[in-house]
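Written below as structure tokens is the structure these notes are about.
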Amino acid sequence: MQHMRDTGGALGVTLGAVTAVTAAAATYYIATRPEPLIPPTDINDQATILEDGSRISKFCRDGKLLEYYYDDVKTTFEGFKRGLQMSNNGPCLGTRPLGSNQYVWQSYQQIYDRAQAFGSGLIADGLEARNDTFIGIYSINRAEWVITDQACAMFSMVSVPLYDTLGPDACKYIINQIGISHVVVDKEDKIKLLLEKASSMPTLACIIVMENVSEETKSRAAKSNVKIVKFSFVEADGKQSLQEPVPPKPTDLMTVCYTSGTTGDPKGVMISHRNMVANMSSVIYSIKTVTTIGPEDRHLSYLPLAHNFERGMNVVMYMHGCQVGFSCGDIRKLPEDLQSLKPQFFPTVPRLLNRIYDKVLAATKSSALKRWLFNLALSEKMKEIQSCIIRKDSLWDYLVFGKIQKQLGGKVRIILTGSAPIEPKVMDFSRCAFGCLVMEGYGQTEALAGCTLTIAGDYTTGHVGSPLPGCKVKVVDVPDMGYFAREGKGEVCVFGPNVFSGYFNNKEKTKEALDKEGWLHTGDIGVWLPNGTLKIVDRKKNIFKLAQGEYIAPEKIEIAYMRSEYVAQVFIEGDSLKPFLLGIIVPDAETIMKVAKDNGVSVDMESVCQSKKIKDIILKDIIAVGKSLGLKSFEQVRDIHLHHELFSVENNLLTSTFKNKRPQLRQFFNRKVQDLYAKHEV
């Protein structure tokens, strides 16, 4: 009896504690629940349909496209000057010294003065302050990159980014096509890459380097008739003969941004100041419907400045006097950069969000309790998001999501994701876990960066939002693929002040991209959803037929298979004379090694890739993943080959933006693919 009384007492205490915790949680929820965010427009009716079938944002006033958000900012030079005033000469560019967790800042006035000095130094070296002077920038993100770009804008010159991961052949092509004489680089290794091709780049006369260079490299450059000058020396020369700015016109070229070129040579996208400012004005409008942007806000610059997405976000920051801190350049130390800087704005790409999601999910597998608590927290936060409540201070944030938020510094208000599709479950997770607005955009280099963007308060997934207020969007028929505009399906086309003027010195490719009315044909297939948002479903390019007439979009299948935990990279191949698809898979090393060990397979990658047992496990899993994501039976691979080495820029199997180079992959794996086809024909 005594034992019974003790047990009953203990049970009563436990139940009482649970009741107390529950009551406390309920009280806490009522006390801390914020007011819901009010969407800036009806999320069930997000676009206006015009007479020609195109659609514009509900934010467009009187049906007119937004061109400039601020009357005094029509060029990026004017944007930076506005930031100088807004910030009251506050912090502009920050760098985190090696081993430190604190950023060291240069003010807006310092950056303005350095840009003026550097631009003056370029003029002292014989260049002219005019819109047909082109300056190459071959560097990772750092202060000198921005100073060079601002100097170009200040003196009406044109910057030409050379991707940090481009090889010497692509650099040679760009320098020769434009006729660049001066290239700004960060380190000696870039100089060596350029000098490898110096004999076939007759216009290259001067390399301006940010860091020290060996005497050996200087001697090699001299033999190639290429002058090497320190960045600081150009600045110093400019200070001695300081020139007054020669501001650009809105219609002047700002930059020539080369696309990565999945096939053939890269194409130079000509972007004007008007293009950049108009597109970023639309982004600003969308952000400012729900939050402010000001000098106290910070942004971590880690995505390549050579791409319009990151460069455009920097323009937005400078226009508002915000603080931009640079990552250290090592992606493995990105969490350290974020935790040191504590940014409010975090543009990113789905690949990073996928990795965070996968790591968090993997951590919950070790414990049924962890998994239960995580799923409960996800469910409860999702209920709040569906009620337009966005916050970081709920009970679930303290119990589960707080650690995830700290990975981004803990102060992020807006995450913008683009450049590739994001899976709905990853988007839902991101919105719950980060406790901030997560907005997905769609665009391409030729439309500067963004054409559509999700509206704050729209918690639905599986689409890329509605048109930005600075452009029109429509779909046109693609009869060969069964897409028709009358059904709200077709190739996505964009028109507006954000659309580029053409490819540099390439009229043929310009005519393919721009029609006579100025509409950009993106090559992407979109579907209008009932609420006025756009869903990207296919790709017009890279389409091929199988033997029985089915159209295949390999990128769609690759994106699906990448969701398998066993897959690091994938290349889908087919033949119009064959009735089925094949795949080349590079396994995820971390995951597959555990599987190999559990199955008695030698844990080195080459042995793993030769194991039939491992291949069967991966093949079964990707088929299941593909089925769960809606792939049709003819879109699933019949067989796969496992490859032990990652596709990379260095082995010429990836572009500088880490997209598959299909012709090169096809050639590289041709023998393996033919062997697989032969195997199934026996």
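For the structure tokens, the naming scheme is as follows: chains receive sequential letters (A, B, ...) according to their order of presentation, residues are indexed from 1 within each chain, and ligands are indexed from 1 in presentation order.
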
As a PDB file with C-alpha atoms, in the first residue's frame, please: the residues near segment 291-302 of chain A (cut-off 8 Å, only C-alpha atoms, same-chain neighbours under 6 positions excluded).
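Saved result, result38.pdb, follows:
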```pdb
ATOM      1  CA  MET A  86      21.746  58.362 -45.487  1.00  0.00           C
ATOM      2  CA  SER A  87      24.479  56.757 -43.408  1.00  0.00           C
ATOM      3  CA  GLY A  90      28.636  55.504 -41.280  1.00  0.00           C
ATOM      4  CA  ASN A 141      34.332  39.536 -52.994  1.00  0.00           C
ATOM      5  CA  GLU A 310      24.611  39.459 -55.272  1.00  0.00           C
ATOM      6  CA  ASN A 314      24.768  45.264 -52.807  1.00  0.00           C
ATOM      7  CA  MET A 317      22.313  48.135 -49.513  1.00  0.00           C
ATOM      8  CA  HIS A 320      20.153  52.934 -48.064  1.00  0.00           C
ATOM      9  CA  GLY A 321      23.484  53.478 -46.338  1.00  0.00           C
ATOM     10  CA  CYS A 322      23.583  49.887 -45.067  1.00  0.00           C
ATOM     11  CA  GLN A 323      26.659  47.989 -43.916  1.00  0.00           C
ATOM     12  CA  VAL A 324      28.099  45.268 -46.181  1.00  0.00           C
ATOM     13  CA  GLY A 325      30.491  42.754 -44.657  1.00  0.00           C
ATOM     14  CA  PHE A 326      32.492  40.328 -46.778  1.00  0.00           C
ATOM     15  CA  SER A 327      32.820  36.641 -46.063  1.00  0.00           C
ATOM     16  CA  GLY A 329      36.013  33.393 -48.834  1.00  0.00           C
ATOM     17  CA  ASP A 337      31.074  35.078 -40.781  1.00  0.00           C
ATOM     18  CA  LEU A 338      27.332  35.115 -40.136  1.00  0.00           C
ATOM     19  CA  LEU A 341      28.343  40.036 -38.658  1.00  0.00           C
ATOM     20  CA  LYS A 342      24.775  39.227 -37.532  1.00  0.00           C
ATOM     21  CA  PRO A 343      23.131  40.411 -40.784  1.00  0.00           C
ATOM     22  CA  GLN A 344      19.506  41.499 -41.159  1.00  0.00           C
ATOM     23  CA  PHE A 345      19.355  40.570 -44.861  1.00  0.00           C
ATOM     24  CA  PHE A 346      20.469  37.198 -46.155  1.00  0.00           C
TER      25      PHE A 346
END
```

Quiz item: Which of segment 264-378 of chain A counts as strand (DSSP E) under DSSP, as JSON, numbers by chain please?
Solution: {"A": [268, 269, 270, 271, 272, 298, 299, 300, 301, 323, 324, 325, 326, 345, 346, 347, 348]}

Using the selection just defined, write its residues with N, CA and C atoms as an mmCIF file, in the first residue's frame.
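Final output, out_26.cif:
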```cif
data_model
loop_
_atom_site.group_PDB
_atom_site.id
_atom_site.type_symbol
_atom_site.label_atom_id
_atom_site.label_comp_id
_atom_site.auth_asym_id
_atom_site.auth_seq_id
_atom_site.Cartn_x
_atom_site.Cartn_y
_atom_site.Cartn_z
ATOM 1 N N GLY A 268 28.151 37.946 -73.390
ATOM 2 C CA GLY A 268 28.272 39.159 -72.588
ATOM 3 C C GLY A 268 26.961 39.919 -72.507
ATOM 4 N N VAL A 269 26.287 39.843 -71.364
ATOM 5 C CA VAL A 269 25.005 40.512 -71.162
ATOM 6 C C VAL A 269 25.260 41.984 -70.835
ATOM 7 N N MET A 270 24.777 42.877 -71.688
ATOM 8 C CA MET A 270 25.002 44.313 -71.503
ATOM 9 C C MET A 270 23.923 44.894 -70.594
ATOM 10 N N ILE A 271 24.365 45.370 -69.435
ATOM 11 C CA ILE A 271 23.473 45.892 -68.401
ATOM 12 C C ILE A 271 23.730 47.388 -68.232
ATOM 13 N N SER A 272 22.674 48.192 -68.364
ATOM 14 C CA SER A 272 22.807 49.637 -68.161
ATOM 15 C C SER A 272 22.524 50.007 -66.707
ATOM 16 N N ARG A 298 22.617 45.216 -41.859
ATOM 17 C CA ARG A 298 23.839 44.607 -42.387
ATOM 18 C C ARG A 298 23.515 43.482 -43.374
ATOM 19 N N HIS A 299 24.445 43.281 -44.293
ATOM 20 C CA HIS A 299 24.306 42.241 -45.306
ATOM 21 C C HIS A 299 25.654 41.548 -45.454
ATOM 22 N N LEU A 300 25.644 40.206 -45.486
ATOM 23 C CA LEU A 300 26.881 39.457 -45.704
ATOM 24 C C LEU A 300 27.042 39.164 -47.189
ATOM 25 N N SER A 301 28.122 39.660 -47.763
ATOM 26 C CA SER A 301 28.395 39.446 -49.185
ATOM 27 C C SER A 301 29.258 38.195 -49.338
ATOM 28 N N GLN A 323 25.304 48.492 -44.134
ATOM 29 C CA GLN A 323 26.659 47.989 -43.916
ATOM 30 C C GLN A 323 26.813 46.640 -44.620
ATOM 31 N N VAL A 324 27.848 46.502 -45.442
ATOM 32 C CA VAL A 324 28.099 45.268 -46.181
ATOM 33 C C VAL A 324 29.405 44.656 -45.694
ATOM 34 N N GLY A 325 29.299 43.470 -45.113
ATOM 35 C CA GLY A 325 30.491 42.754 -44.657
ATOM 36 C C GLY A 325 30.803 41.611 -45.603
ATOM 37 N N PHE A 326 32.084 41.386 -45.851
ATOM 38 C CA PHE A 326 32.492 40.328 -46.778
ATOM 39 C C PHE A 326 32.795 39.042 -46.024
ATOM 40 N N PHE A 345 19.765 41.050 -43.543
ATOM 41 C CA PHE A 345 19.355 40.570 -44.861
ATOM 42 C C PHE A 345 20.280 39.436 -45.286
ATOM 43 N N PHE A 346 19.680 38.375 -45.806
ATOM 44 C CA PHE A 346 20.469 37.198 -46.155
ATOM 45 C C PHE A 346 19.999 36.606 -47.481
ATOM 46 N N PRO A 347 20.490 37.133 -48.610
ATOM 47 C CA PRO A 347 20.230 36.482 -49.898
ATOM 48 C C PRO A 347 20.996 35.163 -49.953
ATOM 49 N N THR A 348 20.358 34.141 -50.493
ATOM 50 C CA THR A 348 21.014 32.832 -50.516
ATOM 51 C C THR A 348 20.513 32.019 -51.701
#
```

Exercise. Find the residues around Gln243 of chain A up to 8 Å (only C-alpha atoms counted), leave out those fewer than 2 positions away in its own chain, and share them as a list in words.
Key: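 Those residues are Gln116, Ala117, Ser120, Gly238, Ser241 and Pro245 of chain A.
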
Selected residues written out with C-alpha atoms, as a compact mmCIF listing (two decimals), in the first residue's frame:
```
# COMPACT_ATOMS: atom_id res chain seq x y z
CA GLN A 116 37.62 58.61 -56.77
CA ALA A 117 41.36 58.14 -56.24
CA SER A 120 41.72 59.07 -61.17
CA GLY A 238 45.14 59.14 -58.43
CA SER A 241 46.04 64.08 -59.81
CA PRO A 245 33.64 62.60 -61.33
```

Exercise. For Asn652 of chain A, work out the shell of residues within 9 Å, counting only C-alpha atoms and skipping chain neighbours fewer than 2 positions away, then give it as a ChimeraX atom specification.
Key: /A:167,647-650,654-655,661,664-665

Quiz prompt | Given only C-alpha atoms as the counted atoms, nearest of A:Asp480, A:Asp252, A:Glu384, A:Glu216 to Asp132 of chain A | solution =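 Of A:Asp480, A:Asp252, A:Glu384, A:Glu216, the one nearest Asp132 of chain A is A:Asp252, counting only C-alpha atoms.
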
Self-check item: Contacts of segment 509-526 of chain A at 10 Å (only C-alpha atoms; same-chain gap of 3+ positions) as JSON, numbers by chain
Solution: {"A": [267, 269, 443, 444, 445, 446, 447, 463, 464, 472, 473, 474, 475, 476, 477, 478, 481, 483, 485, 488, 489, 490, 491, 492, 493, 494, 495, 496, 499, 500, 501, 502, 503, 504, 505, 506, 529, 533, 534, 535, 536, 537, 538, 539, 540, 541, 542]}

Exercise. Could you please write out, as a PyMOL selection string, every residue of segment 149-364 of chain A that DSSP assigns to alpha helix (DSSP H)?
Key: chain A and resi 149-154+168-178+188-196+215-223+231-240+273-288+308-319+334-341+350-364

Quiz item: Do you have the atom CA of Ile180 of chain A-atom CA of Phe134 of chain A distance handy?
Solution: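 It comes out at 5.9 Å.
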
Quiz item: For Leu581 of chain A, which residue among A:Glu635, A:Lys594, A:Val158, A:Ile559 is the nearest when counting only C-alpha atoms?
Solution: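 So, comparing all the options, the nearest one is A:Glu635.
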
Distance query Ile147 of chain A at most 7 Å, only C-alpha atoms, self and fewer than 2 positions along chain excluded, as a PDB file with C-alpha atoms, in the first residue's frame:
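See result_32.pdb below for the written result:
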```pdb
ATOM      1  CA  ILE A 111      35.093  54.204 -49.930  1.00  0.00           C
ATOM      2  CA  ARG A 114      39.176  55.631 -52.522  1.00  0.00           C
ATOM      3  CA  ALA A 115      36.960  55.056 -55.590  1.00  0.00           C
ATOM      4  CA  ALA A 143      36.504  45.919 -50.630  1.00  0.00           C
ATOM      5  CA  GLU A 144      38.730  46.534 -53.661  1.00  0.00           C
ATOM      6  CA  TRP A 145      36.141  44.815 -55.887  1.00  0.00           C
ATOM      7  CA  ASP A 149      33.191  49.020 -59.508  1.00  0.00           C
ATOM      8  CA  GLN A 150      32.341  52.352 -57.864  1.00  0.00           C
ATOM      9  CA  ALA A 151      35.275  54.007 -59.649  1.00  0.00           C
TER      10      ALA A 151
END
```

Quiz item: Using only C-alpha atoms, which of A:Asp113, A:Glu565, A:Asp45, A:Glu35 sits nearest Pro530 of chain A?
Solution: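 Among the listed residues, the smallest separation from Pro530 of chain A belongs to A:Asp45.
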
Quiz prompt | Point-to-point distance in Å for atom CA of Ala560 of chain A and atom CA of Asp458 of chain A | solution = 24.4 Å

Exercise. May I ask which of the residues A:Lys632, A:Lys359, A:Arg61, A:Arg55 is the closest one to Cys451 of chain A, counting only C-alpha atoms?
Key: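 Using only C-alpha atoms, Cys451 of chain A sits closest to A:Arg55.
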